[in-house]
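A.B. asks: After the structure tokens below, expect a handful of questions from me.
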Amino acid sequence: MSKIIQSSIARKVVMALSGIFLVLFLALHFTINFTSVVSPDTFNELSHFMGYNFIVQFIMQPILIAGVVIHFVMGFVLEIQNNRARGVKYVQYKGSANAPWVSRNMIISGAVILAFLGLHFYDFWIHEMAYKYIEANPEDPTRYYAETVEKFAPFWRTLLYVLSFGLLSLHLWHGFASSFQTMGVNNKYTPSIVNFTKIYAVAIPLGFAFIAIYHHFNPIIH
């Protein structure tokens with residue numbers, strides 16, 4: 001691991017691979033969450049399965065957490081390395097003379113996304129751990145939809161989620177395509193891959209934002 005951290009190329013490869021892994025998870029996460037809009041019962045079933053399946057909880061979940069930690073640690077390490085290599089940071093934006101704002105500020109969007117993940121973990125993961133292991137409540141396969149809708153009742157939380165998804169879109173716009181470039185993908189399929197990454201970078205965060213807004217304006221009336 002120490003050799004990987006010391007090697008610039010290795011760091012970028014690990015960064016790219018962990019990023020692609022997280023993109024795949026993001027697609028799965030969106031698919032499950034979107035069922036909360038079209039079929040609450042299906043959402044409850046999928047959420048209950050994910051919440052109590054041994055493989056998901058004790059194998060896939062730790063791998064996911066490791067992927068998140070590795071991706072962000074490598075991101076910060078690369079940013080420090082790049083700053084040292086440049087000697088001086090960009091003084092001001094000079095149009096096409098410098099790289100686009102998104103690529104120059106991946107560390108900023110990444111840091112905000114990391115902070116958002118903290119809120120997301122607090123809203124859902126910590127709540128789930130407390131429900132199952134601290135409060136020791138019995139299984140309730142029908143609770144997930146109501147809990148999710150309740151989270152988006154406050155306007156401030158919904159707005160925060162939407163803004164975070166906007167930054168996620170900017171992060172993916174540059175990062176997803178760059179992952180393939182880092183991996184050395186350069187063939188006749190490259191333009192199609194780049195187009196796909198751009199579509200993904202807009203569609204998935206927009207879909208997540210839609211889910212948050214939908215539940216905010218469609219509360220459960222008791």
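FYI, nothing fancy with the structure tokens labels: chains A, B, ... in order, residues from 1 per chain, ligands from 1 as they appear.
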Near Met74 (chain A), within 8 Å and counting only C-alpha atoms, which residues show up once chain neighbours fewer than 4 positions away are dropped, as a ChimeraX atom specification?

C.D. replies: /A:5,11-12,14-15,70,78

A.B. asks: Go ahead and save the residues from that selection, with N, CA, C and O atoms, as an mmCIF file, in the first residue's frame.

C.D. replies:
data_model
loop_
_atom_site.group_PDB
_atom_site.id
_atom_site.type_symbol
_atom_site.label_atom_id
_atom_site.label_comp_id
_atom_site.auth_asym_id
_atom_site.auth_seq_id
_atom_site.Cartn_x
_atom_site.Cartn_y
_atom_site.Cartn_z
ATOM 1 N N ILE A 5 0.905 4.419 -2.716
ATOM 2 C CA ILE A 5 0.760 5.826 -2.351
ATOM 3 C C ILE A 5 1.916 6.655 -2.902
ATOM 4 O O ILE A 5 1.751 7.805 -3.291
ATOM 5 N N ARG A 11 -1.343 5.722 -8.065
ATOM 6 C CA ARG A 11 -2.385 6.492 -7.381
ATOM 7 C C ARG A 11 -3.528 6.833 -8.328
ATOM 8 O O ARG A 11 -4.702 6.725 -7.983
ATOM 9 N N LYS A 12 -3.171 7.270 -9.544
ATOM 10 C CA LYS A 12 -4.191 7.649 -10.525
ATOM 11 C C LYS A 12 -5.010 6.442 -10.969
ATOM 12 O O LYS A 12 -6.223 6.549 -11.173
ATOM 13 N N VAL A 14 -5.559 3.668 -9.156
ATOM 14 C CA VAL A 14 -6.428 3.312 -8.028
ATOM 15 C C VAL A 14 -7.594 4.281 -7.938
ATOM 16 O O VAL A 14 -8.736 3.886 -7.682
ATOM 17 N N MET A 15 -7.312 5.556 -8.156
ATOM 18 C CA MET A 15 -8.344 6.589 -8.154
ATOM 19 C C MET A 15 -9.389 6.293 -9.234
ATOM 20 O O MET A 15 -10.597 6.371 -8.990
ATOM 21 N N ILE A 70 -10.938 4.940 -0.072
ATOM 22 C CA ILE A 70 -9.784 4.909 -0.983
ATOM 23 C C ILE A 70 -9.888 6.007 -2.025
ATOM 24 O O ILE A 70 -8.909 6.714 -2.305
ATOM 25 N N LEU A 78 -3.486 13.121 -4.368
ATOM 26 C CA LEU A 78 -3.137 13.621 -5.706
ATOM 27 C C LEU A 78 -3.194 15.140 -5.769
ATOM 28 O O LEU A 78 -2.376 15.780 -6.437
#

A.B. asks: Which neighbours of region 138-155 of chain A fall inside 12 Å, counting only C-alpha atoms, when residues of the same chain fewer than 6 positions from it are skipped, and could you give them as JSON, numbers by chain?

C.D. replies: {"A": [32, 33, 34, 35, 36, 37, 38, 39, 40, 41, 42, 43, 44, 45, 46, 47, 48, 49, 50, 51, 52, 119, 120, 122, 123, 124, 125, 127, 128, 131, 132, 161, 162, 209, 210, 211, 212, 213, 214, 215, 216, 217, 218, 219, 220, 221, 222]}

A.B. asks: In Å, rounded to a single decimal, give me how far CA of Met60 (chain A) is from CA of Ile193 (chain A).

C.D. replies: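 Result for CA of Ile193 (chain A) versus CA of Met60 (chain A): 26.9 Å, one decimal.
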
A.B. asks: Which residues are near Ile108 (chain A)? Cut-off 12 Å, only C-alpha atoms, ignore same chain within fewer than 2 positions. Put them as an MDAnalysis selection string.

C.D. replies: chainID A and resid 72 75:76 79 101:106 110:115 164 167:168 170:171

A.B. asks: What is the distance between CA of Tyr200 (chain A) and CA of Asn53 (chain A), in Å to one decimal?

C.D. replies: 28.6 Å

A.B. asks: Between CA of Pro191 (chain A) and CA of Pro205 (chain A), what is the spacing in Å?

C.D. replies: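 Between these atoms lies a distance of 21.9 Å.
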
A.B. asks: Looking at A:Ile80, A:Leu64, A:Ala85, A:Ile107, which one is nearest to Leu24 (chain A), with distances taken over only C-alpha atoms?

C.D. replies: A:Leu64

A.B. asks: Using only C-alpha atoms, which protein or nucleic acid residues come within 6 Å of Trp173 (chain A)? Drop anything in the same chain fewer than 4 positions from it, and give the result as a PyMOL selection string.

C.D. replies: chain A and resi 169+198+201

A.B. asks: Go through region 110-182 of chain A and collect every residue that DSSP, computed from the backbone, puts in alpha helix (DSSP H); the answer should be as a VMD selection string.

C.D. replies: chain A and resid 110 to 120 126 to 129 144 to 151 155 to 182
